[in-house]
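J.: Have a peek at data-v1.cif (mmCIF, C-alpha atoms and all ligand atoms).
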data_work
loop_
_atom_site.label_atom_id
_atom_site.label_comp_id
_atom_site.auth_asym_id
_atom_site.auth_seq_id
_atom_site.Cartn_x
_atom_site.Cartn_y
_atom_site.Cartn_z
CA MET A 1 0.00 0.00 0.00
CA PHE A 2 1.55 3.35 0.90
CA LEU A 3 4.99 4.06 2.30
CA LEU A 4 5.14 6.00 5.54
CA PRO A 5 7.39 9.02 5.83
CA LEU A 6 10.04 9.00 8.55
CA ALA A 7 8.04 11.11 11.01
CA ALA A 8 5.21 8.58 11.09
CA LEU A 9 7.61 5.88 12.19
CA ALA A 10 9.19 7.72 15.10
CA GLY A 11 8.08 6.29 18.43
CA SER A 12 6.08 3.52 16.81
CA GLY A 13 7.56 1.15 19.41
CA SER A 14 7.80 -1.62 16.86
CA ASP A 15 10.06 -4.57 17.57
CA ASP A 16 11.12 -4.44 13.94
CA ALA A 17 14.07 -2.12 14.41
CA ALA A 18 14.66 0.03 11.39
CA VAL A 19 18.12 -0.28 9.87
CA SER A 20 19.23 3.00 8.40
CA ALA A 21 21.05 3.07 5.12
CA THR A 22 24.08 4.49 6.92
CA GLN A 23 24.44 1.14 8.63
CA ASP A 24 23.61 -0.98 5.64
CA PRO A 25 25.33 -0.52 2.29
CA GLU A 26 22.93 -2.91 0.62
CA MET A 27 20.03 -0.64 1.48
CA GLY A 28 22.10 2.22 0.20
CA ILE A 29 22.56 0.70 -3.22
CA TRP A 30 18.84 0.29 -3.57
CA LYS A 31 18.27 3.89 -2.70
CA ALA A 32 20.82 4.98 -5.28
CA HIS A 33 19.27 2.57 -7.75
CA SER A 34 15.84 4.10 -7.24
CA GLU A 35 17.24 7.58 -7.67
CA LEU A 36 18.86 6.62 -10.95
CA ILE A 37 15.77 4.90 -12.27
CA THR A 38 13.82 8.05 -11.47
CA GLN A 39 16.27 10.04 -13.54
CA TYR A 40 15.61 7.78 -16.53
CA THR A 41 11.89 7.47 -16.23
CA LEU A 42 11.68 11.26 -16.16
CA HIS A 43 13.00 11.27 -19.70
CA THR A 44 11.17 9.91 -22.69
CA GLY A 45 14.21 9.12 -24.80
CA LEU A 46 17.90 9.43 -25.29
CA ASN A 47 17.82 12.31 -27.76
CA GLY A 48 19.83 15.17 -26.38
CA PHE A 49 21.49 12.83 -23.90
CA GLY A 50 25.24 13.02 -23.66
CA TRP A 51 28.14 11.17 -22.19
CA VAL A 52 26.87 11.54 -18.62
CA GLU A 53 23.76 9.57 -19.52
CA ALA A 54 25.86 7.01 -21.40
CA ASN A 55 27.86 6.48 -18.22
CA GLY A 56 24.67 6.36 -16.16
CA MET A 57 23.46 3.54 -18.38
CA GLN A 58 26.81 1.81 -18.03
CA ALA A 59 26.54 2.02 -14.24
CA LEU A 60 23.02 0.59 -14.35
CA PHE A 61 24.04 -2.23 -16.70
CA ASP A 62 26.96 -3.04 -14.42
CA TYR A 63 24.57 -2.96 -11.51
CA TYR A 64 22.31 -5.55 -13.12
CA ALA A 65 25.31 -7.72 -13.96
CA ALA A 66 26.89 -7.44 -10.50
CA PHE A 67 23.78 -7.82 -8.38
CA GLY A 68 21.72 -10.11 -10.60
CA THR A 69 18.42 -9.48 -12.26
CA THR A 70 15.87 -11.26 -14.38
CA ALA A 71 15.73 -10.99 -18.16
CA ASP A 72 12.29 -9.38 -17.94
CA ASP A 73 13.12 -6.59 -15.51
CA PRO A 74 10.94 -3.66 -16.63
CA VAL A 75 13.46 -0.93 -15.90
CA LEU A 76 16.32 -2.73 -17.63
CA ASN A 77 14.16 -3.49 -20.64
CA SER A 78 12.99 0.10 -20.89
CA ILE A 79 16.57 1.36 -20.96
CA LEU A 80 17.67 -1.33 -23.43
CA SER A 81 14.74 -0.46 -25.69
CA THR A 82 15.64 3.23 -25.68
CA LEU A 83 19.26 2.50 -26.52
CA ARG A 84 18.33 -0.10 -29.14
CA ASN A 85 16.16 2.46 -30.96
CA TYR A 86 18.65 5.30 -30.66
CA ASP A 87 19.59 6.79 -34.04
CA PHE A 88 23.37 6.35 -33.94
CA GLN A 89 23.70 7.10 -37.66
CA GLY A 90 21.76 10.35 -37.31
CA GLU A 91 23.83 11.47 -34.31
CA THR A 92 24.61 15.18 -34.57
CA ASN A 93 26.99 15.44 -31.61
CA ALA A 94 30.40 16.13 -33.17
CA TYR A 95 32.44 15.02 -30.15
CA ASN A 96 34.01 11.63 -30.75
CA ASP A 97 34.44 10.88 -27.04
CA ASP A 98 30.70 11.40 -26.43
CA ARG A 99 29.87 9.09 -29.31
CA ILE A 100 32.19 6.39 -28.02
CA TRP A 101 30.75 6.54 -24.49
CA LEU A 102 27.36 5.74 -26.00
CA ALA A 103 28.90 2.99 -28.16
CA LEU A 104 30.47 1.40 -25.07
CA ALA A 105 27.07 1.44 -23.36
CA ALA A 106 25.80 -0.38 -26.46
CA VAL A 107 28.56 -3.02 -26.14
CA ARG A 108 27.54 -3.54 -22.52
CA ALA A 109 23.90 -3.81 -23.62
CA TYR A 110 24.96 -6.44 -26.15
CA ASP A 111 26.66 -8.45 -23.39
CA LEU A 112 23.50 -8.30 -21.29
CA SER A 113 20.98 -9.00 -24.04
CA ASN A 114 22.87 -10.88 -26.80
CA ASP A 115 21.02 -8.62 -29.26
CA ALA A 116 23.29 -8.02 -32.29
CA VAL A 117 21.65 -4.65 -32.97
CA PHE A 118 23.70 -3.22 -30.10
CA LEU A 119 26.90 -4.53 -31.63
CA ASP A 120 25.94 -2.93 -34.96
CA HIS A 121 25.50 0.41 -33.19
CA ALA A 122 28.95 0.15 -31.63
CA ILE A 123 30.60 -0.94 -34.88
CA PHE A 124 29.09 2.03 -36.70
CA VAL A 125 30.62 4.42 -34.18
CA GLN A 126 34.01 2.68 -34.24
CA LYS A 127 34.23 2.96 -38.03
CA HIS A 128 33.05 6.57 -37.99
CA VAL A 129 35.80 7.55 -35.55
CA SER A 130 38.45 5.34 -37.17
CA GLN A 131 38.05 7.26 -40.45
CA GLN A 132 39.16 10.43 -38.67
CA TRP A 133 42.63 9.10 -37.77
CA THR A 134 45.38 11.47 -38.96
CA ASP A 135 49.19 11.56 -38.75
CA GLN A 136 49.11 14.92 -36.96
CA CYS A 137 50.88 14.63 -33.55
CA GLY A 138 52.17 11.23 -34.63
CA GLY A 139 48.70 9.72 -35.06
CA GLY A 140 45.49 9.36 -33.11
CA VAL A 141 41.87 10.35 -33.56
CA PRO A 142 40.69 13.91 -32.89
CA TRP A 143 38.49 15.01 -30.01
CA LYS A 144 35.90 16.40 -32.37
CA MET A 145 35.26 16.29 -36.10
CA ASP A 146 36.16 19.98 -36.48
CA ASN A 147 38.72 20.13 -33.64
CA PRO A 148 42.06 18.35 -34.25
CA TYR A 149 43.00 18.16 -30.54
CA LYS A 150 44.44 14.68 -29.97
CA ASN A 151 43.35 14.06 -26.42
CA THR A 152 43.93 11.06 -24.20
CA ILE A 153 40.31 10.41 -23.36
CA THR A 154 39.13 10.16 -26.97
CA ASN A 155 42.07 7.97 -27.96
CA GLY A 156 41.81 5.82 -24.83
CA LEU A 157 38.13 5.32 -25.61
CA PHE A 158 38.93 4.49 -29.23
CA PHE A 159 41.42 1.89 -27.97
CA GLN A 160 38.86 0.45 -25.53
CA LEU A 161 36.05 0.31 -28.11
CA SER A 162 38.32 -1.28 -30.72
CA ALA A 163 39.54 -3.85 -28.16
CA ALA A 164 35.98 -4.61 -27.05
CA LEU A 165 34.86 -5.15 -30.64
CA TRP A 166 37.96 -7.22 -31.46
CA LYS A 167 37.15 -9.49 -28.53
CA ARG A 168 33.57 -9.93 -29.70
CA THR A 169 34.12 -10.13 -33.49
CA THR A 170 37.87 -10.82 -34.07
CA TYR A 171 37.94 -7.75 -36.36
CA PHE A 172 39.43 -4.31 -35.53
CA ALA A 173 42.89 -5.65 -34.58
CA ASP A 174 44.58 -2.93 -36.70
CA ASP A 175 42.85 -0.16 -34.75
CA VAL A 176 43.67 -1.87 -31.45
CA ASN A 177 47.34 -1.90 -32.44
CA ARG A 178 47.64 1.60 -33.84
CA SER A 179 45.74 3.23 -30.96
CA ALA A 180 47.77 1.36 -28.31
CA THR A 181 51.00 2.17 -30.14
CA TRP A 182 50.15 5.85 -30.42
CA LEU A 183 49.16 6.12 -26.73
CA GLY A 184 52.47 4.46 -25.84
CA LYS A 185 54.72 6.71 -27.92
CA SER A 186 52.76 9.96 -27.53
CA GLY A 187 54.56 11.02 -24.36
CA LEU A 188 51.18 11.54 -22.69
CA TYR A 189 51.84 8.91 -20.01
CA ASN A 190 53.97 10.15 -17.10
CA ASN A 191 54.40 6.81 -15.26
CA GLN A 192 51.51 7.66 -12.94
CA THR A 193 48.69 8.89 -15.12
CA TYR A 194 48.02 10.48 -18.49
CA TYR A 195 48.20 14.11 -19.43
CA ASP A 196 45.14 15.54 -21.17
CA GLY A 197 46.32 15.58 -24.77
CA LEU A 198 48.40 16.97 -27.63
CA ALA A 199 47.22 20.22 -29.19
CA PRO A 200 48.34 20.87 -32.80
CA GLN A 201 50.01 24.28 -33.25
CA ALA A 202 50.20 26.60 -36.26
CA ASP A 203 53.88 25.68 -36.83
CA GLY A 204 53.01 22.00 -37.17
CA THR A 205 54.25 20.94 -33.73
CA CYS A 206 52.00 19.56 -30.99
CA SER A 207 51.81 21.08 -27.51
CA MET A 208 51.38 18.88 -24.42
CA GLN A 209 48.35 19.83 -22.32
CA THR A 210 49.22 18.64 -18.84
CA GLU A 211 45.92 18.55 -16.93
CA VAL A 212 45.24 15.14 -15.36
CA PHE A 213 41.88 13.58 -14.55
CA SER A 214 41.22 10.14 -13.11
CA TYR A 215 38.97 9.04 -15.95
CA GLN A 216 41.81 9.22 -18.46
CA LEU A 217 43.07 5.93 -16.98
CA GLY A 218 39.68 4.20 -17.15
CA PRO A 219 39.44 3.37 -20.85
CA VAL A 220 43.10 2.30 -21.01
CA ILE A 221 42.61 -0.15 -18.13
CA MET A 222 39.31 -1.38 -19.58
CA GLY A 223 40.87 -1.87 -23.03
CA LEU A 224 43.76 -3.87 -21.56
CA LEU A 225 41.24 -6.06 -19.73
CA GLU A 226 39.36 -6.67 -22.99
CA LEU A 227 42.66 -7.94 -24.42
CA GLY A 228 43.27 -10.16 -21.39
CA LEU A 229 46.35 -8.13 -20.37
CA THR A 230 45.53 -8.15 -16.67
CA ASP A 231 49.09 -7.62 -15.43
CA TYR A 232 49.49 -4.48 -17.53
CA ALA A 233 46.11 -3.19 -16.35
CA MET A 234 47.15 -3.79 -12.74
CA ALA A 235 50.44 -1.95 -13.24
CA TYR A 236 48.62 1.06 -14.68
CA ALA A 237 46.08 1.01 -11.86
CA VAL A 238 48.59 0.68 -9.02
CA ASN A 239 50.81 3.43 -10.46
CA SER A 240 47.81 5.76 -10.62
CA LEU A 241 46.56 5.25 -7.06
CA PRO A 242 48.82 7.92 -5.46
CA ALA A 243 47.36 10.51 -7.84
CA PHE A 244 43.72 9.63 -7.25
CA THR A 245 43.43 8.40 -3.68
CA ASP A 246 43.66 10.33 -0.42
CA HIS A 247 47.04 9.55 1.13
CA GLU A 248 45.62 9.01 4.62
CA THR A 249 42.24 7.39 4.03
CA ARG A 250 43.06 5.63 0.70
CA VAL A 251 39.63 6.83 -0.48
CA ILE A 252 39.36 7.52 -4.22
CA VAL A 253 39.29 11.29 -4.81
CA GLU A 254 39.33 13.42 -7.92
CA ASN A 255 42.38 15.63 -7.95
CA GLY A 256 43.37 17.66 -10.99
CA GLY A 257 40.45 19.61 -12.31
CA CYS A 258 38.30 19.12 -9.27
CA ASP A 259 41.19 19.56 -6.83
CA GLN A 260 41.46 18.08 -3.36
CA ALA A 261 38.87 17.02 -0.82
CA GLN A 262 36.14 19.61 -0.22
CA ALA A 263 36.90 21.21 -3.55
CA GLU A 264 35.31 18.22 -5.26
CA ASP A 265 32.00 19.94 -4.69
CA ALA A 266 33.26 22.67 -7.00
CA CYS A 267 33.86 20.29 -9.91
CA GLY A 268 32.06 21.13 -13.11
CA PRO A 269 28.90 19.04 -13.37
CA ASP A 270 30.37 16.73 -15.99
CA MET A 271 33.63 16.28 -14.14
CA ALA A 272 31.79 14.71 -11.23
CA ILE A 273 31.49 11.60 -13.40
CA PHE A 274 35.27 11.20 -13.80
CA LYS A 275 35.89 9.37 -10.54
CA GLY A 276 33.08 6.90 -11.24
CA ILE A 277 34.62 5.90 -14.56
CA TYR A 278 37.99 5.37 -12.89
CA THR A 279 36.33 3.34 -10.13
CA ARG A 280 34.44 1.24 -12.66
CA ALA A 281 37.70 0.33 -14.38
CA LEU A 282 39.32 -0.56 -11.05
CA GLY A 283 36.29 -2.71 -10.21
CA ASN A 284 36.52 -4.58 -13.51
CA LEU A 285 40.20 -5.16 -12.85
CA VAL A 286 39.83 -6.60 -9.35
CA ALA A 287 36.86 -8.67 -10.47
CA VAL A 288 39.55 -10.57 -12.41
CA THR A 289 42.40 -10.48 -9.88
CA GLY A 290 40.50 -10.88 -6.60
CA PRO A 291 40.66 -8.80 -3.43
CA ASN A 292 44.25 -9.03 -2.14
CA ASN A 293 45.82 -5.95 -3.70
CA LEU A 294 46.04 -2.18 -3.34
CA VAL A 295 43.31 -1.54 -5.90
CA ALA A 296 40.78 -3.65 -4.01
CA ASP A 297 41.83 -1.88 -0.80
CA ALA A 298 41.03 1.50 -2.39
CA ILE A 299 37.59 0.28 -3.43
CA SER A 300 36.91 -1.10 0.03
CA ALA A 301 38.12 2.08 1.77
CA SER A 302 36.01 4.23 -0.55
CA MET A 303 32.92 2.10 -0.01
CA GLN A 304 33.17 2.24 3.78
CA SER A 305 33.81 5.96 3.69
CA LEU A 306 30.96 6.72 1.29
CA VAL A 307 28.39 4.94 3.40
CA MET A 308 29.65 6.31 6.71
CA LYS A 309 30.63 9.86 5.76
CA ASP A 310 28.97 10.93 2.56
CA LEU A 311 25.39 9.75 2.64
CA VAL A 312 22.49 12.12 3.07
CA GLN A 313 19.31 10.61 4.47
CA LEU A 314 16.55 12.74 2.96
CA ASP A 315 13.85 10.97 4.91
CA TYR A 316 13.14 7.44 6.05
CA SER A 317 12.89 5.93 2.61
CA ARG A 318 15.18 8.10 0.52
CA VAL A 319 18.92 8.64 0.67
CA ARG A 320 21.38 10.29 -1.61
CA PHE A 321 25.11 9.96 -1.89
CA GLY A 322 27.52 12.87 -2.00
CA LEU A 323 30.24 13.57 -4.51
CA ASN A 324 33.20 13.61 -2.12
CA TRP A 325 33.57 10.10 -0.76
CA ASN A 326 35.84 11.39 1.99
CA GLY A 327 32.74 13.26 3.13
CA PRO A 328 30.85 15.30 3.85
CA SER A 329 29.52 16.64 0.59
CA LEU A 330 26.66 18.97 -0.22
CA ARG A 331 26.66 17.84 -3.79
CA THR A 332 24.07 15.05 -4.20
CA ASP A 333 23.01 15.48 -7.83
CA LYS A 334 22.46 12.84 -10.48
CA HIS A 335 26.17 12.65 -11.19
CA ALA A 336 26.97 11.80 -7.58
CA GLN A 337 24.37 8.99 -7.63
CA ILE A 338 25.83 7.52 -10.81
CA ILE A 339 29.36 7.35 -9.43
CA ALA A 340 28.10 5.94 -6.11
CA MET A 341 26.54 3.17 -8.14
CA ASP A 342 29.87 2.60 -9.89
CA LEU A 343 31.49 2.20 -6.49
CA PHE A 344 28.80 -0.18 -5.21
CA ASN A 345 29.16 -2.25 -8.37
CA ALA A 346 32.93 -2.43 -7.94
CA PHE A 347 32.59 -3.40 -4.27
CA GLN A 348 30.07 -6.13 -5.02
CA ARG A 349 32.34 -7.58 -7.70
CA VAL A 350 35.35 -7.71 -5.37
CA TYR A 351 33.55 -8.68 -2.18
CA PRO A 352 30.38 -10.39 -3.42
CA GLN A 353 27.59 -10.74 -0.90
CA LYS A 354 25.08 -13.42 -1.78
CA ALA A 355 21.39 -12.67 -1.89
CA LEU A 356 19.55 -13.95 1.20
CA ALA A 357 16.15 -13.10 -0.25
CA CYS A 358 14.80 -11.76 -3.55
CA LEU A 359 11.40 -10.24 -4.24
CA TYR A 360 9.93 -10.45 -7.72
CA ASN A 361 7.19 -8.55 -9.51
CA ASP A 362 5.77 -11.63 -11.22
CA VAL A 363 4.71 -15.15 -10.31
CA GLY A 364 7.37 -17.87 -10.44
CA LEU A 365 10.39 -15.71 -9.47
CA LYS A 366 10.26 -13.50 -12.57
CA GLY A 367 10.02 -9.83 -13.45
CA GLY A 368 11.62 -6.88 -11.68
CA VAL A 369 13.63 -8.05 -8.71
CA GLN A 370 15.04 -6.63 -5.49
CA CYS A 371 17.53 -8.80 -3.64
CA LEU A 372 18.47 -8.39 0.02
CA ARG A 373 21.97 -9.28 1.13
CA ARG A 374 21.71 -8.43 4.79
CA PRO A 375 19.11 -8.98 7.48
CA GLY A 376 17.15 -5.87 8.47
CA TYR A 377 14.25 -3.67 7.54
CA TYR A 378 13.68 -2.67 3.91
CA ASP A 379 11.23 -0.63 1.92
CA VAL A 380 10.15 -2.43 -1.25
CA ALA A 381 11.81 -1.07 -4.39
CA TYR A 382 8.88 -2.14 -6.57
CA ASN A 383 6.08 -1.06 -4.27
CA ASP A 384 2.72 -2.84 -4.51
CA ALA A 385 3.98 -5.19 -7.22
CA ILE A 386 5.59 -8.19 -5.47
CA SER A 387 4.13 -11.58 -6.45
CA SER A 388 6.84 -14.12 -5.55
CA ILE A 389 9.76 -14.43 -3.13
CA SER A 390 12.90 -16.55 -3.01
CA LEU A 391 14.44 -17.17 0.39
CA ASP A 392 17.72 -18.67 1.57
CA PRO A 393 17.38 -21.59 4.02
CA GLY A 394 17.50 -20.29 7.59
CA CYS A 395 15.96 -16.93 6.69
CA THR A 396 12.51 -15.61 7.50
CA LEU A 397 10.88 -12.69 5.73
CA LYS A 398 8.01 -10.77 7.27
CA ALA A 399 6.15 -8.69 4.70
CA ALA A 400 3.76 -5.80 5.40
CA THR A 401 1.27 -4.02 3.16
CA ASP A 402 2.30 -0.53 4.37
CA GLY A 403 5.62 1.14 5.02
CA GLY A 404 7.29 0.71 8.42
CA MET A 405 5.82 -2.82 8.85
CA GLN A 406 2.33 -1.36 9.20
CA GLY A 407 -0.88 -2.75 7.74
CA ASN A 408 -1.44 -6.48 7.15
CA THR A 409 1.59 -8.71 7.59
CA LYS A 410 2.55 -12.19 6.43
CA VAL A 411 5.56 -14.33 7.34
CA PHE A 412 7.48 -16.41 4.78
CA SER A 413 9.96 -19.08 5.90
CA SER A 414 10.72 -20.63 2.51
CA THR A 415 10.64 -19.72 -1.19
CA ALA A 416 7.17 -18.84 -2.45
CA GLY A 417 6.52 -18.88 -6.21
CA TRP A 418 3.26 -17.16 -5.34
CA VAL A 419 2.86 -14.94 -2.29
CA GLY A 420 -0.89 -15.56 -2.09
CA ASP A 421 -4.05 -13.67 -2.94
CA ASP A 422 -4.09 -12.05 0.50
CA ILE A 423 -0.92 -10.03 -0.05
CA ASN A 424 -0.23 -10.12 -3.83
CA ASP A 425 0.75 -6.70 -5.29
CA GLN A 426 0.38 -5.10 -1.86
CA ILE A 427 3.77 -5.49 -0.13
CA SER A 428 5.39 -2.17 0.83
CA SER A 429 7.93 -3.05 3.54
CA MET A 430 9.65 -6.09 4.99
CA THR A 431 11.98 -7.38 7.66
CA LEU A 432 14.51 -10.10 6.94
CA THR A 433 15.97 -12.23 9.73
CA CYS A 434 18.43 -15.07 9.23
CA SER A 435 19.75 -17.60 11.73
CA CA B 501 2.96 -8.44 -9.33
#
What is this structure when it is put down as structure tokens?
Ligand SMILES: [Ca+2]

T.:
Amino acid sequence: MFLLPLAALAGSGSDDAAVSATQDPEMGIWKAHSELITQYTLHTGLNGFGWVEANGMQALFDYYAAFGTTADDPVLNSILSTLRNYDFQGETNAYNDDRIWLALAAVRAYDLSNDAVFLDHAIFVQKHVSQQWTDQCGGGVPWKMDNPYKNTITNGLFFQLSAALWKRTTYFADDVNRSATWLGKSGLYNNQTYYDGLAPQADGTCSMQTEVFSYQLGPVIMGLLELGLTDYAMAYAVNSLPAFTDHETRVIVENGGCDQAQAEDACGPDMAIFKGIYTRALGNLVAVTGPNNLVADAISASMQSLVMKDLVQLDYSRVRFGLNWNGPSLRTDKHAQIIAMDLFNAFQRVYPQKALACLYNDVGLKGGVQCLRRPGYYDVAYNDAISSISLDPGCTLKAATDGGMQGNTKVFSSTAGWVGDDINDQISSMTLTCS
């Protein structure tokens, strides 16, 4: 039925102690998830969307892969449908990096759905950008069709996309080689991170632009992982940690353009996404290597810090994450939610927590799903829609038709492919206990 606001719960005297999201990261991810879904459902399509939205989709796709979902999840299918129908060939955005971000989201969508249309989208973009390769500054693809700036991010993305397509089709090896070769000989790498790019000058030389941002490492690491070069990816990642983690807390922070600590709140809106891209790459890396290394430690430290120091509880059922994972941050916009999701995804891949219970929209454990990985109180993500429940042995789930365990309740002690007429499509809150 309806969800109670926080005030209505205070002093209720219920034995079902509420677990706040600050104590429970798994609740936190669901709150961030809901926030992100809201962002998407507010929009009717992808037209006018840019690289931030492409990375938001990537974070959501990673979320579904890391935490598990069903093939008929309505939110996932809505996003896939929008991306599937997106007019890549009619794209008017002249920035090659923006185009490649969207193409990489399409590759991820292909992995999730096996639908070759997504691969066709990505291949179109790869070929479009590949045609713009020039010998200026020793090679590389330009930032923009009418701007010859040879920047790291565009060329790192071109390398990653070419590597991803090579892995999935066996074509594109030439572009993998020439982009990797150019990145290596460009002088842009300073043994810790990459400089921003090479700017062609009137006299024919190219001028090094020395700004550094964490996301410049992301596509390089991801491309190396596509090629199976895990040791190289790890070397890049470990070398970069001193530049992009706080020396005391080991929390991932955006230096460079956003500057240190509190100054992260002053990042340009787009730049808030940088750290999430870097974190996503680190998460993909340690998903391969396992947890016993400095990269996994940075993810773990960031996760603990985010939940403890940089989470804003708006009311009982809604939280938002801040931009500065060292906390506290006043910046809790869409960008901050996307990168929080990147961090949660990375953490789940390195330190997977199994689902103790899952609630499904449809009969027979199908449809939209919310899985719980810790005992405690939860609001239902898909309110008034739950029709079946899976439960780990030793766990008991008490479901209620209103928020805060109010209204009618029903106790489940084993998996139920059908919750029953009495409570179907009415569950709003629940408490999970496990022995
Ligand atoms: Ca239902």

J.: Just give me the gap between atom CA of Ala233 of chain A and atom CA of Ile221 of chain A in Å, one decimal is fine.

T.: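 Spanning atom CA of Ala233 of chain A to atom CA of Ile221 of chain A is a straight-line distance of 5.0 Å.
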
J.: Counting all atoms listed in the file, give me one row per residue of chain A with an atom at most 8 Å from an atom of ligand CA 501 (chain B), showing the shortest contact pair and its distance in Å to one decimal, sorted by chain then residue number, as CSV.

T.:
residue,atom,partner,partner_atom,distance
A:Tyr360,CA,B:CA501,CA,7.4
A:Asn361,CA,B:CA501,CA,4.2
A:Asp362,CA,B:CA501,CA,4.7
A:Val363,CA,B:CA501,CA,7.0
A:Asp384,CA,B:CA501,CA,7.4
A:Ala385,CA,B:CA501,CA,4.0
A:Ile386,CA,B:CA501,CA,4.7
A:Ser387,CA,B:CA501,CA,4.4
A:Ser388,CA,B:CA501,CA,7.8
A:Asn424,CA,B:CA501,CA,6.6
A:Asp425,CA,B:CA501,CA,4.9

J.: Can you work out which one of A:Ala296, A:Phe124, A:Cys358, A:Asp62 has the shortest atom-to-atom distance to Glu91 of chain A, counting all atoms listed in the file?

T.: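 The shortest atom-to-atom distance to Glu91 of chain A comes from A:Phe124.
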
J.: Separation of atom CA of Thr210 of chain A and atom CA of Tyr195 of chain A, in Å?

T.: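 That distance, rounded to one decimal, is 4.7 Å.
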
J.: If you measure from atom CA of Asn284 of chain A to atom CA of Arg349 of chain A, what distance in Å do you get, rounded to one decimal?

T.: 7.8 Å

J.: Pick out the closest residue to Leu359 of chain A from this set: A:Ala340, A:Met308, A:Met430, A:Met57. Count all atoms listed in the file.

T.: A:Met430

J.: Write out as a PDB file with C-alpha atoms, in the frame of the given file the residues lying within 10 Å of Asn408 of chain A, counting all atoms listed in the file and excluding same-chain residues fewer than 4 positions away.

T.:
ATOM      1  CA  MET A   1       0.000   0.000   0.000  1.00  0.00           C
ATOM      2  CA  ALA A 399       6.150  -8.690   4.700  1.00  0.00           C
ATOM      3  CA  ALA A 400       3.760  -5.800   5.400  1.00  0.00           C
ATOM      4  CA  THR A 401       1.270  -4.020   3.160  1.00  0.00           C
ATOM      5  CA  ASP A 402       2.300  -0.530   4.370  1.00  0.00           C
ATOM      6  CA  ASP A 422      -4.090 -12.050   0.500  1.00  0.00           C
ATOM      7  CA  ILE A 423      -0.920 -10.030  -0.050  1.00  0.00           C
ATOM      8  CA  GLN A 426       0.380  -5.100  -1.860  1.00  0.00           C
ATOM      9  CA  ILE A 427       3.770  -5.490  -0.130  1.00  0.00           C
TER      10      ILE A 427
END

J.: Quick one: which segment 98-136 of chain A residues come within 10 Å of segment 70-77 of chain A, and what is the nearest atom pair for each with the distance in Å to one decimal, counting only C-alpha atoms, rows ordered by chain and ascending number, as CSV?

T.:
residue,atom,partner,partner_atom,distance
A:Ala109,CA,A:Leu76,CA,9.7
A:Leu112,CA,A:Ala71,CA,8.8
A:Ser113,CA,A:Ala71,CA,8.1

J.: Within 7 Å of Leu343 of chain A, counting all atoms listed in the file, which residues show up once you throw out same-chain ones fewer than 2 positions away? Write them as a list in words, please.

T.: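 Near neighbours after the sequence-gap exclusion: Gly276, Thr279, Arg280, Met303, Ile339, Ala340, Met341, Asn345, Ala346 and Phe347 of chain A.
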
J.: Give me, as a list in words, all polymer residues having an atom no more than 8 Å from segment 171-188 of chain A, counting all atoms listed in the file and skipping those fewer than 2 positions away in the same chain.

T.: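 The residues that qualify are Ser130, Cys137, Gly138, Gly139, Gly140, Thr152, Asn155, Gly156, Phe158, Phe159, Gln160, Ser162, Ala163, Leu165, Trp166, Thr169, Asn190, Tyr194, Tyr195, Asp196, Gly197, Leu198 and Met208 of chain A.
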
J.: With all atoms listed in the file counted and 12 Å as the cut-off, give the residues of segment 44-100 of chain A in contact with segment 333-336 of chain A, each with its shortest interatomic distance in Å and the pair that gives it, as CSV.

T.:
residue,atom,partner,partner_atom,distance
A:Trp51,CA,A:His335,CA,11.3
A:Val52,CA,A:His335,CA,7.5
A:Glu53,CA,A:His335,CA,9.2
A:Ala54,CA,A:His335,CA,11.7
A:Asn55,CA,A:His335,CA,9.5
A:Gly56,CA,A:His335,CA,8.2
A:Met57,CA,A:His335,CA,11.9
A:Ala59,CA,A:His335,CA,11.1

J.: Given 5 Å on each side, where is the centre and what are the edge lengths in Å to one decimal of the axis-aligned box enclosing the listed atoms of segment 82-97 of chain A, as AutoDock Vina command-line options?

T.:
--center_x 25.0 --center_y 8.0 --center_z -31.7 --size_x 28.8 --size_y 26.2 --size_z 22.0

J.: Counting only C-alpha atoms, which of A:His121, A:Glu226, A:Asn383, A:Trp143 gets nearest to Thr170 of chain A?

T.: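 Distance minimum relative to Thr170 of chain A lands on A:Glu226.
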
J.: When distances are computed from all atoms listed in the file, which of A:Asp120, A:Asp98, A:Leu356, A:Pro200 shows the smallest separation from Thr134 of chain A?

T.: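 The closest residue to Thr134 of chain A is A:Pro200.
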